[in-house]
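The file start_3.txt contains compact mmCIF, N, CA, C and O atoms:
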# COMPACT_ATOMS: atom_id res chain seq x y z
N MET A 25 66.90 87.49 83.48
CA MET A 25 68.30 87.13 83.48
C MET A 25 68.50 85.95 82.53
O MET A 25 67.86 84.92 82.66
N ASN A 26 69.41 86.12 81.60
CA ASN A 26 69.64 85.04 80.64
C ASN A 26 70.72 84.09 81.15
O ASN A 26 71.34 84.31 82.19
N ALA A 27 70.97 83.03 80.40
CA ALA A 27 71.91 81.99 80.83
C ALA A 27 73.35 82.50 80.87
O ALA A 27 74.13 82.11 81.73
N LEU A 28 73.71 83.43 79.98
CA LEU A 28 75.07 83.96 79.95
C LEU A 28 75.37 84.78 81.19
O LEU A 28 76.44 84.66 81.79
N SER A 29 74.42 85.60 81.62
CA SER A 29 74.67 86.41 82.82
C SER A 29 74.70 85.54 84.07
O SER A 29 75.43 85.83 85.01
N LYS A 30 73.94 84.46 84.10
CA LYS A 30 73.99 83.53 85.23
C LYS A 30 75.36 82.86 85.31
O LYS A 30 75.92 82.68 86.38
N THR A 31 75.90 82.48 84.14
CA THR A 31 77.22 81.84 84.11
C THR A 31 78.29 82.81 84.54
O THR A 31 79.19 82.47 85.29
N ARG A 32 78.21 84.06 84.09
CA ARG A 32 79.20 85.06 84.47
C ARG A 32 79.16 85.35 85.96
O ARG A 32 80.20 85.63 86.56
N SER A 33 78.00 85.30 86.56
CA SER A 33 77.92 85.57 88.00
C SER A 33 78.56 84.46 88.83
O SER A 33 78.98 84.69 89.95
N LYS A 34 78.68 83.25 88.27
CA LYS A 34 79.29 82.15 88.99
C LYS A 34 80.80 82.10 88.82
O LYS A 34 81.48 81.42 89.57
N LEU A 35 81.35 82.80 87.82
CA LEU A 35 82.80 82.80 87.60
C LEU A 35 83.50 83.64 88.66
O LEU A 35 82.96 84.64 89.12
N PRO A 36 84.71 83.25 89.06
CA PRO A 36 85.44 84.07 90.03
C PRO A 36 85.89 85.38 89.40
O PRO A 36 86.13 85.46 88.20
N SER A 37 86.00 86.42 90.22
CA SER A 37 86.43 87.72 89.71
C SER A 37 87.92 87.70 89.42
O SER A 37 88.65 86.80 89.85
N LYS A 38 88.39 88.72 88.70
CA LYS A 38 89.81 88.79 88.34
C LYS A 38 90.69 88.93 89.56
O LYS A 38 91.85 88.55 89.54
N GLU A 39 90.19 89.51 90.62
CA GLU A 39 90.99 89.76 91.82
C GLU A 39 90.98 88.59 92.81
O GLU A 39 91.59 88.67 93.87
N SER A 40 90.29 87.51 92.50
CA SER A 40 90.18 86.41 93.46
C SER A 40 91.50 85.64 93.56
O SER A 40 92.27 85.56 92.61
N PRO A 41 91.77 85.07 94.73
CA PRO A 41 93.00 84.27 94.89
C PRO A 41 93.04 83.05 93.98
O PRO A 41 94.11 82.63 93.55
N PHE A 42 91.88 82.50 93.65
CA PHE A 42 91.85 81.33 92.78
C PHE A 42 92.40 81.66 91.40
O PHE A 42 93.18 80.88 90.83
N VAL A 43 92.01 82.80 90.84
CA VAL A 43 92.49 83.19 89.51
C VAL A 43 94.00 83.39 89.55
O VAL A 43 94.72 82.95 88.66
N PHE A 44 94.49 84.05 90.60
CA PHE A 44 95.93 84.25 90.72
C PHE A 44 96.67 82.92 90.81
O PHE A 44 97.67 82.71 90.13
N LEU A 45 96.18 82.00 91.64
CA LEU A 45 96.85 80.71 91.78
C LEU A 45 96.79 79.89 90.50
O LEU A 45 97.76 79.22 90.13
N ALA A 46 95.67 79.96 89.79
CA ALA A 46 95.55 79.23 88.53
C ALA A 46 96.53 79.78 87.50
O ALA A 46 97.24 79.02 86.83
N LEU A 47 96.58 81.10 87.36
CA LEU A 47 97.53 81.71 86.41
C LEU A 47 98.97 81.45 86.82
O LEU A 47 99.82 81.17 85.97
N ALA A 48 99.27 81.53 88.11
CA ALA A 48 100.63 81.27 88.59
C ALA A 48 101.02 79.83 88.29
O ALA A 48 102.16 79.56 87.88
N GLY A 49 100.13 78.90 88.49
CA GLY A 49 100.42 77.50 88.19
C GLY A 49 100.69 77.27 86.71
O GLY A 49 101.61 76.53 86.34
N ILE A 50 99.91 77.91 85.85
CA ILE A 50 100.10 77.76 84.41
C ILE A 50 101.43 78.35 83.99
O ILE A 50 102.21 77.73 83.25
N VAL A 51 101.73 79.56 84.48
CA VAL A 51 102.98 80.23 84.10
C VAL A 51 104.18 79.45 84.62
O VAL A 51 105.18 79.28 83.92
N MET A 52 104.12 78.95 85.85
CA MET A 52 105.24 78.18 86.39
C MET A 52 105.47 76.89 85.62
O MET A 52 106.61 76.49 85.39
N ALA A 53 104.40 76.23 85.21
CA ALA A 53 104.55 75.00 84.42
C ALA A 53 105.18 75.31 83.07
O ALA A 53 106.06 74.56 82.61
N MET A 54 104.78 76.42 82.45
CA MET A 54 105.35 76.78 81.16
C MET A 54 106.83 77.14 81.29
O MET A 54 107.65 76.73 80.47
N THR A 55 107.18 77.93 82.31
CA THR A 55 108.58 78.32 82.47
C THR A 55 109.46 77.13 82.84
O THR A 55 110.60 77.02 82.39
N PHE A 56 108.94 76.21 83.64
CA PHE A 56 109.72 75.02 83.97
C PHE A 56 109.94 74.17 82.74
O PHE A 56 111.04 73.63 82.54
N SER A 57 108.93 74.07 81.89
CA SER A 57 109.09 73.29 80.65
C SER A 57 110.14 73.92 79.76
O SER A 57 110.96 73.23 79.16
N GLY A 58 110.12 75.25 79.66
CA GLY A 58 111.13 75.94 78.86
C GLY A 58 112.52 75.76 79.42
O GLY A 58 113.48 75.50 78.68
N TRP A 59 112.65 75.89 80.73
CA TRP A 59 113.95 75.71 81.39
C TRP A 59 114.46 74.28 81.19
O TRP A 59 115.62 74.05 80.88
N ASN A 60 113.57 73.32 81.35
CA ASN A 60 113.95 71.91 81.21
C ASN A 60 114.36 71.61 79.76
O ASN A 60 115.33 70.88 79.53
N ALA A 61 113.65 72.19 78.80
CA ALA A 61 114.01 71.97 77.40
C ALA A 61 115.37 72.59 77.10
O ALA A 61 116.19 71.99 76.41
N LEU A 62 115.62 73.78 77.61
CA LEU A 62 116.91 74.41 77.38
C LEU A 62 118.03 73.63 78.03
O LEU A 62 119.11 73.44 77.45
N LEU A 63 117.79 73.18 79.26
CA LEU A 63 118.83 72.44 79.97
C LEU A 63 119.14 71.14 79.26
O LEU A 63 120.30 70.84 78.97
N ASN A 64 118.11 70.37 78.97
CA ASN A 64 118.33 69.05 78.37
C ASN A 64 118.80 69.15 76.92
O ASN A 64 119.74 68.48 76.53
N ASN A 65 118.13 69.99 76.14
CA ASN A 65 118.47 70.04 74.72
C ASN A 65 119.76 70.80 74.46
O ASN A 65 120.67 70.28 73.82
N PHE A 66 119.85 72.02 74.94
CA PHE A 66 121.01 72.83 74.60
C PHE A 66 122.23 72.46 75.42
O PHE A 66 123.30 72.22 74.87
N ALA A 67 122.09 72.44 76.74
CA ALA A 67 123.26 72.25 77.60
C ALA A 67 123.89 70.87 77.41
O ALA A 67 125.10 70.73 77.38
N ILE A 68 123.07 69.86 77.27
CA ILE A 68 123.61 68.50 77.18
C ILE A 68 124.02 68.16 75.75
O ILE A 68 125.13 67.67 75.51
N GLU A 69 123.16 68.46 74.79
CA GLU A 69 123.44 68.05 73.42
C GLU A 69 124.39 69.01 72.70
O GLU A 69 125.36 68.58 72.09
N ASN A 70 124.12 70.30 72.75
CA ASN A 70 124.92 71.26 71.97
C ASN A 70 126.18 71.71 72.70
O ASN A 70 127.24 71.82 72.10
N ALA A 71 126.07 72.00 74.00
CA ALA A 71 127.23 72.49 74.74
C ALA A 71 128.02 71.36 75.37
O ALA A 71 129.07 71.61 75.96
N ALA A 72 127.54 70.14 75.30
CA ALA A 72 128.21 68.95 75.82
C ALA A 72 128.54 69.09 77.31
O ALA A 72 129.64 68.78 77.75
N PHE A 73 127.56 69.55 78.06
CA PHE A 73 127.75 69.66 79.51
C PHE A 73 127.65 68.29 80.15
O PHE A 73 126.82 67.47 79.79
N THR A 74 128.52 68.06 81.12
CA THR A 74 128.43 66.85 81.93
C THR A 74 127.64 67.18 83.20
O THR A 74 127.24 68.32 83.41
N GLY A 75 127.46 66.20 84.04
CA GLY A 75 126.75 66.44 85.30
C GLY A 75 127.45 67.45 86.17
O GLY A 75 126.82 68.30 86.80
N ALA A 76 128.77 67.40 86.23
CA ALA A 76 129.54 68.34 87.05
C ALA A 76 129.42 69.77 86.52
O ALA A 76 129.27 70.72 87.28
N LYS A 77 129.43 69.91 85.20
CA LYS A 77 129.30 71.25 84.61
C LYS A 77 127.91 71.82 84.84
O LYS A 77 127.74 73.01 85.09
N ILE A 78 126.89 70.98 84.76
CA ILE A 78 125.53 71.45 85.03
C ILE A 78 125.40 71.84 86.49
O ILE A 78 124.76 72.84 86.83
N GLY A 79 126.03 71.09 87.39
CA GLY A 79 126.01 71.46 88.81
C GLY A 79 126.69 72.79 89.06
O GLY A 79 126.21 73.61 89.84
N THR A 80 127.82 73.03 88.37
CA THR A 80 128.50 74.32 88.50
C THR A 80 127.63 75.44 87.97
O THR A 80 127.53 76.51 88.57
N LEU A 81 126.97 75.20 86.84
CA LEU A 81 126.07 76.20 86.26
C LEU A 81 124.93 76.53 87.22
O LEU A 81 124.61 77.71 87.43
N GLN A 82 124.35 75.52 87.82
CA GLN A 82 123.25 75.75 88.75
C GLN A 82 123.74 76.45 90.02
O GLN A 82 123.03 77.28 90.59
N SER A 83 124.94 76.13 90.47
CA SER A 83 125.50 76.80 91.65
C SER A 83 125.71 78.28 91.38
O SER A 83 125.39 79.13 92.22
N ILE A 84 126.24 78.60 90.21
CA ILE A 84 126.45 80.01 89.86
C ILE A 84 125.11 80.72 89.71
O ILE A 84 124.96 81.88 90.09
N ARG A 85 124.11 80.02 89.22
CA ARG A 85 122.78 80.60 89.05
C ARG A 85 122.14 80.96 90.39
O ARG A 85 121.33 81.88 90.48
N GLU A 86 122.51 80.27 91.44
CA GLU A 86 121.92 80.51 92.75
C GLU A 86 122.59 81.66 93.51
O GLU A 86 122.08 82.10 94.54
N ILE A 87 123.73 82.15 93.05
CA ILE A 87 124.46 83.20 93.77
C ILE A 87 123.63 84.47 93.95
O ILE A 87 123.60 85.03 95.06
N PRO A 88 122.93 85.00 92.93
CA PRO A 88 122.14 86.21 93.15
C PRO A 88 121.05 86.04 94.22
O PRO A 88 120.80 86.95 95.02
N GLY A 89 120.44 84.88 94.29
CA GLY A 89 119.44 84.63 95.32
C GLY A 89 120.06 84.62 96.71
O GLY A 89 119.48 85.15 97.67
N LEU A 90 121.23 84.03 96.82
CA LEU A 90 121.94 84.01 98.10
C LEU A 90 122.31 85.43 98.52
O LEU A 90 122.17 85.81 99.69
N LEU A 91 122.78 86.23 97.57
CA LEU A 91 123.13 87.62 97.88
C LEU A 91 121.90 88.43 98.29
O LEU A 91 121.97 89.25 99.20
N ALA A 92 120.78 88.20 97.61
CA ALA A 92 119.55 88.91 97.97
C ALA A 92 119.09 88.52 99.37
O ALA A 92 118.68 89.37 100.17
N PHE A 93 119.17 87.23 99.69
CA PHE A 93 118.80 86.78 101.03
C PHE A 93 119.72 87.38 102.08
O PHE A 93 119.27 87.85 103.13
N THR A 94 121.02 87.42 101.79
CA THR A 94 121.98 88.00 102.73
C THR A 94 121.73 89.48 102.92
O THR A 94 121.77 89.98 104.06
N ALA A 95 121.45 90.20 101.83
CA ALA A 95 121.17 91.63 101.95
C ALA A 95 119.90 91.88 102.77
O ALA A 95 119.87 92.78 103.62
N ALA A 96 118.87 91.08 102.55
CA ALA A 96 117.64 91.23 103.33
C ALA A 96 117.89 90.93 104.80
O ALA A 96 117.37 91.64 105.68
N PHE A 97 118.68 89.92 105.08
CA PHE A 97 118.99 89.59 106.47
C PHE A 97 119.78 90.70 107.14
O PHE A 97 119.50 91.08 108.28
N VAL A 98 120.77 91.25 106.44
CA VAL A 98 121.59 92.34 107.00
C VAL A 98 120.73 93.57 107.25
O VAL A 98 120.83 94.22 108.31
N LEU A 99 119.85 93.90 106.30
CA LEU A 99 118.95 95.05 106.50
C LEU A 99 118.02 94.81 107.68
O LEU A 99 117.75 95.74 108.46
N LEU A 100 117.54 93.60 107.82
CA LEU A 100 116.67 93.28 108.95
C LEU A 100 117.40 93.47 110.27
O LEU A 100 116.86 94.03 111.22
N VAL A 101 118.65 93.04 110.32
CA VAL A 101 119.44 93.18 111.54
C VAL A 101 119.68 94.65 111.84
O VAL A 101 119.53 95.11 112.98
N PHE A 102 120.06 95.43 110.81
CA PHE A 102 120.33 96.84 111.04
C PHE A 102 119.07 97.60 111.43
O PHE A 102 119.10 98.45 112.31
N TYR A 103 117.94 97.30 110.77
CA TYR A 103 116.71 97.99 111.13
C TYR A 103 116.23 97.56 112.51
O TYR A 103 115.66 98.35 113.25
N ALA A 104 116.44 96.30 112.85
CA ALA A 104 116.08 95.85 114.19
C ALA A 104 116.94 96.56 115.22
O ALA A 104 116.47 96.97 116.27
N GLY A 105 118.23 96.73 114.90
CA GLY A 105 119.12 97.46 115.80
C GLY A 105 118.70 98.91 115.94
O GLY A 105 118.74 99.48 117.03
N ALA A 106 118.28 99.52 114.84
CA ALA A 106 117.81 100.90 114.89
C ALA A 106 116.53 101.01 115.71
O ALA A 106 116.34 101.97 116.48
N ALA A 107 115.65 100.04 115.57
CA ALA A 107 114.40 100.06 116.34
C ALA A 107 114.70 99.88 117.83
O ALA A 107 114.10 100.55 118.68
N ILE A 108 115.62 98.99 118.16
CA ILE A 108 115.99 98.80 119.56
C ILE A 108 116.64 100.05 120.12
O ILE A 108 116.38 100.46 121.25
N ALA A 109 117.49 100.71 119.32
CA ALA A 109 118.14 101.95 119.76
C ALA A 109 117.10 103.04 120.00
O ALA A 109 117.15 103.77 121.00
N ALA A 110 116.13 103.16 119.10
CA ALA A 110 115.08 104.17 119.28
C ALA A 110 114.24 103.87 120.52
O ALA A 110 113.90 104.77 121.29
N LEU A 111 113.92 102.61 120.73
CA LEU A 111 113.15 102.24 121.91
C LEU A 111 113.93 102.52 123.19
O LEU A 111 113.37 103.03 124.17
N SER A 112 115.24 102.25 123.18
CA SER A 112 116.04 102.52 124.37
C SER A 112 116.14 104.02 124.63
O SER A 112 116.13 104.46 125.79
N LEU A 113 116.21 104.83 123.58
CA LEU A 113 116.22 106.28 123.77
C LEU A 113 114.89 106.77 124.37
O LEU A 113 114.89 107.62 125.27
N ILE A 114 113.81 106.24 123.87
CA ILE A 114 112.49 106.63 124.40
C ILE A 114 112.37 106.22 125.85
O ILE A 114 111.92 106.99 126.71
N LEU A 115 112.78 105.00 126.17
CA LEU A 115 112.70 104.54 127.56
C LEU A 115 113.63 105.34 128.47
O LEU A 115 113.25 105.68 129.60
N SER A 116 114.84 105.66 128.00
CA SER A 116 115.74 106.44 128.83
C SER A 116 115.20 107.84 129.06
O SER A 116 115.33 108.40 130.16
N GLN A 117 114.55 108.42 128.05
CA GLN A 117 113.92 109.73 128.23
C GLN A 117 112.79 109.64 129.26
O GLN A 117 112.64 110.51 130.11
N PHE A 118 112.01 108.58 129.18
CA PHE A 118 110.91 108.39 130.12
C PHE A 118 111.43 108.22 131.55
O PHE A 118 110.93 108.83 132.48
N VAL A 119 112.48 107.42 131.70
CA VAL A 119 113.06 107.20 133.03
C VAL A 119 113.67 108.48 133.55
O VAL A 119 113.48 108.85 134.73
N ALA A 120 114.38 109.22 132.71
CA ALA A 120 115.01 110.47 133.15
C ALA A 120 113.95 111.49 133.54
O ALA A 120 114.10 112.20 134.54
N THR A 121 112.88 111.58 132.78
CA THR A 121 111.81 112.53 133.09
C THR A 121 111.16 112.19 134.42
O THR A 121 110.93 113.07 135.26
N ASN A 122 110.87 110.91 134.62
CA ASN A 122 110.26 110.50 135.89
C ASN A 122 111.22 110.71 137.05
O ASN A 122 110.81 111.09 138.15
N HIS A 123 112.50 110.47 136.85
CA HIS A 123 113.49 110.66 137.91
C HIS A 123 113.59 112.14 138.28
O HIS A 123 113.66 112.49 139.47
N LEU A 124 113.57 113.02 137.28
CA LEU A 124 113.63 114.44 137.56
C LEU A 124 112.38 114.93 138.29
O LEU A 124 112.45 115.77 139.19
N GLU A 125 111.22 114.39 137.93
CA GLU A 125 109.97 114.75 138.60
C GLU A 125 110.02 114.28 140.05
O GLU A 125 109.58 114.99 140.97
N ASP A 126 110.55 113.08 140.28
CA ASP A 126 110.68 112.58 141.65
C ASP A 126 111.62 113.44 142.46
O ASP A 126 111.37 113.73 143.64
N GLN A 127 112.73 113.87 141.89
CA GLN A 127 113.70 114.71 142.58
C GLN A 127 113.09 116.07 142.93
O GLN A 127 113.32 116.60 144.01
N SER A 128 112.29 116.63 142.01
CA SER A 128 111.69 117.93 142.29
C SER A 128 110.59 117.83 143.34
O SER A 128 110.36 118.76 144.10
N ASN A 129 109.91 116.69 143.43
CA ASN A 129 108.87 116.52 144.45
C ASN A 129 109.48 116.31 145.83
O ASN A 129 108.90 116.71 146.85
N HIS A 130 110.66 115.68 145.90
CA HIS A 130 111.29 115.40 147.18
C HIS A 130 112.16 116.54 147.65
O HIS A 130 112.54 116.60 148.82
N GLY A 131 112.55 117.41 146.78
CA GLY A 131 113.53 118.44 147.13
C GLY A 131 112.90 119.68 147.55
O GLY A 131 112.82 120.35 148.45

Is it possible to give me this structure as structure tokens?
Amino acid sequence: MNALSKTRSKLPSKESPFVFLALAGIVMAMTFSGWNALLNNFAIENAAFTGAKIGTLQSIREIPGLLAFTAAFVLLVFYAGAAIAALSLILSQFVATNHLEDQSNHG
């Protein structure tokens, strides 16, 4: 075994959580730097945005996330309601079946 293969055996695999977290950290730092440069350079210097205008811009930017959260919450409520309805149907069928069996044994 040479030194290169020993080094490769010590490196984390592509599927490891460490590689994912390292890449995610690098990508997030790069995107934040790009966003910050656009906000500071373009919005303030070229578009002459004030603090209030930047706040309005950020508020509008958050609307899709709020809508996605609301849609997920509504779907969760509806699916939970459907699950409860299905469970109540199963339980009512079980109770009705047992009640009918009891009636036939006593009658």

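Atom to atom, atom CA of A:Gly89 and atom CA of A:Ala104 stand 22.2 Å apart.
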
Legend entry - DSSP alpha helix (DSSP H) selection over chain A, as number ranges by chain: A: 27-34, 41-61, 75-130

Here atom C of A:Trp59 and atom C of A:Thr80 stand apart by 14.9 Å

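Straight-line separation from atom C of A:Leu47 to atom C of A:Asn60: 19.6 Å.
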
Counting only C-alpha atoms, closest pick from A:Phe56, A:Phe93, A:Leu63, A:Val119 relative to A:Gly79 is A:Leu63

Keeping N, CA and C atoms (and nothing else), can you write stretch 35-50 of chain A of this structure as a PDB file, in the first residue's frame?
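Written file, part.pdb:
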ATOM      1  N   LEU A  35      -9.766   9.889   3.853  1.00  0.00           N
ATOM      2  CA  LEU A  35     -10.680  10.954   3.449  1.00  0.00           C
ATOM      3  C   LEU A  35     -12.122  10.493   3.595  1.00  0.00           C
ATOM      4  N   PRO A  36     -13.035  11.408   3.942  1.00  0.00           N
ATOM      5  CA  PRO A  36     -14.443  11.015   4.028  1.00  0.00           C
ATOM      6  C   PRO A  36     -15.008  10.737   2.638  1.00  0.00           C
ATOM      7  N   SER A  37     -15.990   9.843   2.575  1.00  0.00           N
ATOM      8  CA  SER A  37     -16.601   9.512   1.294  1.00  0.00           C
ATOM      9  C   SER A  37     -17.507  10.648   0.839  1.00  0.00           C
ATOM     10  N   LYS A  38     -17.909  10.599  -0.432  1.00  0.00           N
ATOM     11  CA  LYS A  38     -18.766  11.652  -0.981  1.00  0.00           C
ATOM     12  C   LYS A  38     -20.120  11.696  -0.302  1.00  0.00           C
ATOM     13  N   GLU A  39     -20.590  10.582   0.212  1.00  0.00           N
ATOM     14  CA  GLU A  39     -21.915  10.511   0.822  1.00  0.00           C
ATOM     15  C   GLU A  39     -21.920  10.862   2.310  1.00  0.00           C
ATOM     16  N   SER A  40     -20.776  11.192   2.880  1.00  0.00           N
ATOM     17  CA  SER A  40     -20.726  11.438   4.318  1.00  0.00           C
ATOM     18  C   SER A  40     -21.383  12.774   4.668  1.00  0.00           C
ATOM     19  N   PRO A  41     -21.946  12.874   5.866  1.00  0.00           N
ATOM     20  CA  PRO A  41     -22.559  14.139   6.293  1.00  0.00           C
ATOM     21  C   PRO A  41     -21.555  15.287   6.377  1.00  0.00           C
ATOM     22  N   PHE A  42     -20.304  14.973   6.671  1.00  0.00           N
ATOM     23  CA  PHE A  42     -19.289  16.018   6.774  1.00  0.00           C
ATOM     24  C   PHE A  42     -19.088  16.717   5.433  1.00  0.00           C
ATOM     25  N   VAL A  43     -19.023  15.949   4.351  1.00  0.00           N
ATOM     26  CA  VAL A  43     -18.827  16.537   3.022  1.00  0.00           C
ATOM     27  C   VAL A  43     -20.021  17.414   2.671  1.00  0.00           C
ATOM     28  N   PHE A  44     -21.230  16.936   2.959  1.00  0.00           N
ATOM     29  CA  PHE A  44     -22.415  17.733   2.682  1.00  0.00           C
ATOM     30  C   PHE A  44     -22.397  19.037   3.469  1.00  0.00           C
ATOM     31  N   LEU A  45     -22.086  18.970   4.763  1.00  0.00           N
ATOM     32  CA  LEU A  45     -22.065  20.180   5.587  1.00  0.00           C
ATOM     33  C   LEU A  45     -20.971  21.143   5.146  1.00  0.00           C
ATOM     34  N   ALA A  46     -19.816  20.617   4.763  1.00  0.00           N
ATOM     35  CA  ALA A  46     -18.733  21.478   4.299  1.00  0.00           C
ATOM     36  C   ALA A  46     -19.128  22.185   3.008  1.00  0.00           C
ATOM     37  N   LEU A  47     -19.678  21.443   2.054  1.00  0.00           N
ATOM     38  CA  LEU A  47     -20.116  22.064   0.798  1.00  0.00           C
ATOM     39  C   LEU A  47     -21.256  23.051   1.026  1.00  0.00           C
ATOM     40  N   ALA A  48     -22.201  22.706   1.901  1.00  0.00           N
ATOM     41  CA  ALA A  48     -23.312  23.606   2.192  1.00  0.00           C
ATOM     42  C   ALA A  48     -22.796  24.893   2.826  1.00  0.00           C
ATOM     43  N   GLY A  49     -21.843  24.801   3.715  1.00  0.00           N
ATOM     44  CA  GLY A  49     -21.266  25.991   4.335  1.00  0.00           C
ATOM     45  C   GLY A  49     -20.566  26.882   3.330  1.00  0.00           C
ATOM     46  N   ILE A  50     -19.830  26.281   2.399  1.00  0.00           N
ATOM     47  CA  ILE A  50     -19.128  27.060   1.378  1.00  0.00           C
ATOM     48  C   ILE A  50     -20.124  27.747   0.462  1.00  0.00           C
TER      49      ILE A  50
END
